[in-house]
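Asker: Following this line is model-v6.tsv, made up of TSV, C-alpha atoms:
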chain	number	residue	atom	x	y	z
X	19	LYS	CA	109.85	129.19	87.74
X	20	ALA	CA	108.21	128.52	84.42
X	21	GLY	CA	105.80	125.60	84.41
X	22	VAL	CA	105.77	122.52	82.23
X	23	THR	CA	105.36	123.45	78.59
X	24	GLN	CA	104.07	121.24	75.81
X	25	THR	CA	104.15	121.81	72.10
X	26	PRO	CA	102.16	121.86	69.99
X	27	ARG	CA	98.95	122.53	71.89
X	28	TYR	CA	96.72	121.24	69.11
X	29	LEU	CA	97.40	118.85	66.29
X	30	ILE	CA	95.35	117.21	63.56
X	31	LYS	CA	96.74	114.16	61.81
X	32	THR	CA	95.48	111.52	59.42
X	33	ARG	CA	95.30	107.78	60.10
X	34	GLY	CA	98.56	106.06	59.32
X	35	GLN	CA	100.73	109.12	59.90
X	36	GLN	CA	103.10	109.53	62.78
X	37	VAL	CA	103.36	112.35	65.30
X	38	THR	CA	105.93	113.73	67.74
X	39	LEU	CA	104.96	115.68	70.82
X	40	SER	CA	107.35	117.70	72.92
X	41	CYS	CA	107.55	118.45	76.63
X	42	SER	CA	109.85	120.81	78.53
X	43	PRO	CA	109.85	120.11	82.26
X	44	ILE	CA	110.21	122.61	85.06
X	45	SER	CA	113.82	123.71	85.38
X	46	GLY	CA	115.70	121.31	87.63
X	47	HIS	CA	113.18	118.49	87.29
X	48	ARG	CA	114.76	115.32	85.97
X	49	SER	CA	111.74	113.05	85.73
X	50	VAL	CA	109.15	113.31	82.98
X	51	SER	CA	106.01	111.21	82.66
X	52	TRP	CA	103.47	111.03	79.86
X	53	TYR	CA	99.75	110.33	80.16
X	54	GLN	CA	96.92	109.88	77.71
X	55	GLN	CA	93.46	111.19	78.56
X	56	THR	CA	90.32	110.13	76.70
X	57	PRO	CA	86.65	110.42	77.68
X	58	GLY	CA	86.29	106.65	77.73
X	59	GLN	CA	89.46	105.52	79.48
X	60	GLY	CA	90.26	108.57	81.56
X	61	LEU	CA	93.87	109.33	82.44
X	62	GLN	CA	96.28	106.51	81.65
X	63	PHE	CA	100.00	106.34	82.25
X	64	LEU	CA	102.16	105.92	79.15
X	65	PHE	CA	105.78	106.02	80.35
X	66	GLU	CA	108.24	107.78	82.59
X	67	TYR	CA	111.77	108.92	81.89
X	68	PHE	CA	114.51	109.80	84.31
X	69	SER	CA	118.03	110.80	83.30
X	70	GLU	CA	117.38	109.79	79.70
X	71	THR	CA	116.25	106.27	80.69
X	72	GLN	CA	112.77	104.87	80.56
X	73	ARG	CA	112.00	103.86	84.12
X	74	ASN	CA	108.35	102.80	83.91
X	75	LYS	CA	106.01	101.90	81.09
X	76	GLY	CA	102.25	101.62	80.95
X	77	ASN	CA	100.18	99.16	78.99
X	78	PHE	CA	100.29	100.72	75.54
X	79	PRO	CA	101.32	99.18	72.20
X	80	GLY	CA	104.80	99.61	70.81
X	81	ARG	CA	103.55	102.33	68.46
X	82	PHE	CA	103.90	104.64	71.44
X	83	SER	CA	107.47	105.52	72.25
X	84	GLY	CA	109.39	108.27	73.91
X	85	ARG	CA	112.78	109.59	74.78
X	86	GLN	CA	114.43	112.08	77.05
X	87	PHE	CA	117.34	114.34	76.27
X	88	SER	CA	120.25	115.37	78.45
X	89	ASN	CA	118.49	118.65	79.30
X	90	SER	CA	115.49	116.61	80.58
X	91	ARG	CA	113.26	117.68	77.72
X	92	SER	CA	111.19	114.78	76.46
X	93	GLU	CA	109.43	113.75	73.30
X	94	MET	CA	106.85	111.10	72.66
X	95	ASN	CA	106.14	109.59	69.29
X	96	VAL	CA	103.12	107.73	68.01
X	97	SER	CA	103.53	105.86	64.74
X	98	THR	CA	100.85	104.56	62.41
X	99	LEU	CA	98.15	106.67	64.00
X	100	GLU	CA	94.71	105.19	64.60
X	101	LEU	CA	91.43	106.99	65.20
X	102	GLY	CA	91.51	105.78	68.81
X	103	ASP	CA	94.72	107.69	69.42
X	104	SER	CA	92.74	110.91	69.45
X	105	ALA	CA	93.25	112.19	72.97
X	106	LEU	CA	94.77	114.79	75.22
X	107	TYR	CA	98.40	113.91	75.86
X	108	LEU	CA	99.73	115.23	79.12
X	109	CYS	CA	103.28	115.55	80.30
X	110	ALA	CA	104.27	115.86	83.96
X	111	SER	CA	107.60	116.58	85.59
X	112	SER	CA	108.84	115.89	89.07
X	113	ALA	CA	111.85	116.68	91.23
X	114	LEU	CA	113.17	114.06	93.57
X	115	GLY	CA	112.83	114.75	97.24
X	116	GLN	CA	109.73	116.88	96.92
X	117	GLY	CA	107.17	114.29	97.89
X	118	ASN	CA	107.08	113.07	94.34
X	119	GLU	CA	104.30	115.44	93.42
X	120	GLN	CA	103.98	115.79	89.68
X	121	TYR	CA	103.48	119.06	87.84
X	122	PHE	CA	101.44	118.75	84.67
X	123	GLY	CA	101.56	120.73	81.48
X	124	PRO	CA	98.45	121.93	79.63
X	125	GLY	CA	98.58	118.98	77.25
X	126	THR	CA	98.56	118.47	73.50
X	127	ARG	CA	95.17	117.80	71.95
X	128	LEU	CA	95.66	115.29	69.15
X	129	THR	CA	92.88	114.61	66.68
X	130	VAL	CA	93.26	111.76	64.22
X	131	THR	CA	90.96	111.81	61.20
O	6	ASP	CA	98.75	100.05	93.08
O	7	ALA	CA	95.86	99.67	95.52
O	8	LYS	CA	92.47	100.91	94.37
O	9	THR	CA	90.51	103.87	95.64
O	10	THR	CA	86.77	104.51	95.66
O	11	GLN	CA	85.31	107.99	95.37
O	12	PRO	CA	81.79	109.31	94.79
O	13	ASN	CA	81.18	110.21	91.16
O	14	SER	CA	80.02	113.73	91.94
O	15	MET	CA	79.42	116.19	94.75
O	16	GLU	CA	77.90	119.63	95.02
O	17	SER	CA	78.85	122.48	97.28
O	18	ASN	CA	77.85	126.07	97.88
O	19	GLU	CA	80.39	128.81	97.47
O	20	GLU	CA	82.26	129.80	100.65
O	21	GLU	CA	81.19	126.65	102.46
O	22	PRO	CA	83.54	123.81	103.47
O	23	VAL	CA	83.71	120.73	101.27
O	24	HIS	CA	84.65	117.25	102.42
O	25	LEU	CA	85.64	114.90	99.62
O	26	PRO	CA	85.84	111.27	100.78
O	27	CYS	CA	88.05	108.48	99.51
O	28	ASN	CA	88.05	104.82	100.51
O	29	HIS	CA	91.18	102.73	100.13
O	30	SER	CA	90.61	99.61	102.19
O	31	THR	CA	93.48	97.66	100.58
O	32	ILE	CA	96.11	100.33	101.23
O	33	SER	CA	99.53	99.01	102.21
O	34	GLY	CA	101.69	100.40	104.98
O	35	THR	CA	103.96	102.24	102.59
O	36	ASP	CA	101.34	103.72	100.23
O	37	TYR	CA	101.14	107.49	100.25
O	38	ILE	CA	97.73	109.11	99.71
O	39	HIS	CA	97.87	111.77	97.00
O	40	TRP	CA	95.17	114.14	95.78
O	41	TYR	CA	95.15	115.86	92.45
O	42	ARG	CA	92.49	117.93	90.77
O	43	GLN	CA	91.79	118.77	87.18
O	44	LEU	CA	90.08	121.99	86.29
O	45	PRO	CA	88.22	122.16	82.99
O	46	SER	CA	90.54	122.29	79.98
O	47	GLN	CA	93.67	122.03	82.11
O	48	GLY	CA	96.16	119.36	83.14
O	49	PRO	CA	95.87	117.82	86.61
O	50	GLU	CA	97.16	119.87	89.51
O	51	TYR	CA	98.79	118.50	92.66
O	52	VAL	CA	96.77	119.32	95.77
O	53	ILE	CA	98.19	117.49	98.78
O	54	HIS	CA	99.58	114.17	99.98
O	55	GLY	CA	100.15	112.34	103.25
O	56	LEU	CA	101.08	109.03	104.81
O	57	THR	CA	99.62	108.74	108.30
O	58	SER	CA	99.19	112.14	109.90
O	59	ASN	CA	96.75	114.82	108.86
O	60	VAL	CA	98.31	117.38	106.54
O	61	ASN	CA	97.58	121.01	105.78
O	62	ASN	CA	98.76	123.29	103.01
O	63	ARG	CA	97.59	126.51	101.43
O	64	MET	CA	95.14	124.69	99.17
O	65	ALA	CA	93.51	122.12	101.42
O	66	SER	CA	93.70	119.76	104.38
O	67	LEU	CA	93.97	116.00	104.26
O	68	ALA	CA	92.44	113.99	107.08
O	69	ILE	CA	93.58	110.36	107.22
O	70	ALA	CA	91.70	107.77	109.24
O	71	GLU	CA	93.62	106.05	111.99
O	72	ASP	CA	93.45	102.69	110.17
O	73	ARG	CA	94.36	104.48	106.89
O	74	LYS	CA	91.51	102.76	105.06
O	75	SER	CA	89.93	106.08	104.19
O	76	SER	CA	90.81	109.74	103.88
O	77	THR	CA	89.05	113.05	103.33
O	78	LEU	CA	90.18	116.06	101.37
O	79	ILE	CA	88.88	119.23	102.97
O	80	LEU	CA	88.47	122.50	101.12
O	81	HIS	CA	87.82	125.00	103.88
O	82	ARG	CA	85.93	127.57	101.81
O	83	ALA	CA	84.92	126.49	98.35
O	84	THR	CA	85.19	129.00	95.56
O	85	LEU	CA	83.90	128.77	92.00
O	86	ARG	CA	87.48	128.12	90.95
O	87	ASP	CA	87.48	124.89	92.98
O	88	ALA	CA	85.01	123.29	90.58
O	89	ALA	CA	87.03	120.40	89.18
O	90	VAL	CA	87.47	116.64	89.14
O	91	TYR	CA	89.32	115.52	92.27
O	92	TYR	CA	91.40	112.36	92.17
O	93	CYS	CA	92.49	110.33	95.18
O	94	ILE	CA	95.53	108.20	94.33
O	95	LEU	CA	97.69	105.76	96.26
O	96	ARG	CA	101.38	105.74	95.47
O	97	TYR	CA	104.15	103.42	96.54
O	98	PRO	CA	107.43	105.29	96.86
O	99	VAL	CA	109.84	103.14	94.87
O	100	GLY	CA	113.17	104.50	96.01
O	101	GLY	CA	113.62	107.89	94.39
O	102	SER	CA	111.32	107.10	91.50
O	103	GLN	CA	108.21	109.13	91.04
O	104	GLY	CA	106.69	106.06	89.47
O	105	ASN	CA	103.40	106.70	87.86
O	106	LEU	CA	100.00	107.87	88.96
O	107	ILE	CA	97.04	105.51	88.56
O	108	PHE	CA	94.04	107.77	88.08
O	109	GLY	CA	90.53	106.52	88.80
O	110	LYS	CA	87.35	108.29	87.75
O	111	GLY	CA	87.60	110.87	90.51
O	112	THR	CA	84.88	113.04	92.04
O	113	LYS	CA	83.44	115.86	89.99
O	114	LEU	CA	82.88	118.79	92.34
O	115	SER	CA	80.36	121.45	91.37
O	116	VAL	CA	80.30	124.73	93.29
O	117	LYS	CA	77.15	126.82	93.29
O	118	PRO	CA	77.30	130.57	93.75
Taking this structure as input, can you express it in the form of structure tokens?

Answerer:
Amino acid sequence: KAGVTQTPRYLIKTRGQQVTLSCSPISGHRSVSWYQQTPGQGLQFLFEYFSETQRNKGNFPGRFSGRQFSNSRSEMNVSTLELGDSALYLCASSALGQGNEQYFGPGTRLTVT
Amino acid sequence: DAKTTQPNSMESNEEEPVHLPCNHSTISGTDYIHWYRQLPSQGPEYVIHGLTSNVNNRMASLAIAEDRKSSTLILHRATLRDAAVYYCILRYPVGGSQGNLIFGKGTKLSVKP
């Protein structure tokens, strides 16, 4: 099976712009979670989607949003970018009944200038 | 989620066993113990998980204390490829939800040739 894929892998944006990141889960996985990783804060949970519904949400401002499509692919959007949004954004997928282990993609490296 | 405590860093020699400790004194009866690792420039990778009994898989073994207040991830023969940050995480299985992973700082494992 192909692993979790994320596009783009690298992105440079300017403060105030918005950005959309994409994640394709492992085939058959219905749950997709997003995480932000920075040197200062480490890995932090953003949100989780299951069957096109947001099931859990982390402690991030409303500028961070996401959605999931009927084929389980997911996107996350960050509006009005700030310098502090520079981070590695990781997507993980999971299949129910498999011990809930999550399979992570390689991430999207976002740099905000 | 209950908290875990891990050493910041550990060193090992190649081809020797490595024991990575994790303390979780406030663990609840239904918390699963999960281990993930993150190799440099990659997303986290699932290693192993357990509830009460010791667990083995092709990557590692997980030894869980009888009172479940601590656990140890065992790499039987460390290789250079095992150099990574290892995260010990407690997860409450909310029905079929994968919920979210609360990552701490983890243990940075260095492997010397």

Asker: In terms of the shortest atom-to-atom distance over all atoms listed in the file, which of O:Asn28, O:Ser115, O:Asn105, O:Ser75 is closest to X:Glu66?

Answerer: O:Asn105

Asker: Nearest to X:Gln120: which of O:Arg86, O:His54, O:Lys110, O:His81 is it, counting only C-alpha atoms?

Answerer: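 Among the listed residues, the smallest separation from X:Gln120 belongs to O:His54.
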
Asker: With a cut-off of 6 Å and counting all atoms listed in the file, select all residues of chain O in contact with chain X and give the selection as a list in words.

Answerer: Gln47, Gly48, Pro49, Gln103 and Phe108 of chain O

Asker: For a cut-off of 10 Å around (104.2, 118.4, 71.5), file coordinates, pick out all residues using only C-alpha atoms and list them as a PyMOL selection string.

Answerer: chain X and resi 23-29+37-42+92-95+107-109+125-128

Asker: Excluding X:Gln36 and any residue of its chain fewer than 6 positions from it, enumerate the residues within 12 Å of it, using all atoms listed in the file, and give them as a JSON list (two decimals) with C-alpha atoms, in the coordinates of the input.

Answerer:
[["chain", "number", "residue", "atom", "x", "y", "z"],
["X", 29, "LEU", "CA", 97.40, 118.85, 66.29],
["X", 30, "ILE", "CA", 95.35, 117.21, 63.56],
["X", 81, "ARG", "CA", 103.55, 102.33, 68.46],
["X", 82, "PHE", "CA", 103.90, 104.64, 71.44],
["X", 83, "SER", "CA", 107.47, 105.52, 72.25],
["X", 94, "MET", "CA", 106.85, 111.10, 72.66],
["X", 95, "ASN", "CA", 106.14, 109.59, 69.29],
["X", 96, "VAL", "CA", 103.12, 107.73, 68.01],
["X", 97, "SER", "CA", 103.53, 105.86, 64.74],
["X", 98, "THR", "CA", 100.85, 104.56, 62.41],
["X", 99, "LEU", "CA", 98.15, 106.67, 64.00],
["X", 100, "GLU", "CA", 94.71, 105.19, 64.60],
["X", 103, "ASP", "CA", 94.72, 107.69, 69.42],
["X", 128, "LEU", "CA", 95.66, 115.29, 69.15],
["X", 130, "VAL", "CA", 93.26, 111.76, 64.22]]

Asker: One decimal, Å: what's the distance from atom CA of X:Thr131 over to atom CA of X:Ala105, could you say?

Answerer: 12.0 Å

Asker: Work out how far apart atom CA of O:Ala89 and atom CA of O:Pro45 are and give it in Å to one decimal.

Answerer: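 The value is 6.5 Å.
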
Asker: Rounded to one decimal, what separation in Å do you get between atom CA of O:Ile69 and atom CA of O:Lys117?

Answerer: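 Interatomic distance, atom CA of O:Ile69 to atom CA of O:Lys117: 27.1 Å.
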
Asker: Once 8 Å is added on each side, what centre and edge lengths in Å to one decimal does the axis-aligned box around all listed atoms of stretch 57-66 of chain O have, as AutoDock Vina command-line options?

Answerer:
--center_x 96.6 --center_y 117.6 --center_z 104.5 --size_x 22.1 --size_y 33.8 --size_z 26.7

Asker: Considering only C-alpha atoms, state which residue in the set O:Ile107, O:Thr9, O:Ile53, O:Asn62 is at the smallest distance from X:Gln54.

Answerer: O:Ile107

Asker: O:Glu19: which residues within 8 Å, counting all atoms listed in the file, same-chain residues fewer than 6 positions away excluded, as a ChimeraX atom specification?

Answerer: /O:82-85,116-118

Asker: Within 12 Å of (92.5, 98.6, 105.4), in the coordinates the file gives, what residues turn up when you count only C-alpha atoms, written out as an NGL selection string?

Answerer: :O and (7-9 or 28-34 or 36 or 69-76)

Asker: Near X:Ser90, counting all atoms listed in the file, which residues have an atom at most 7 Å away, once you skip same-chain residues fewer than 6 positions from it, shown as a count of residues only?

Answerer: 3
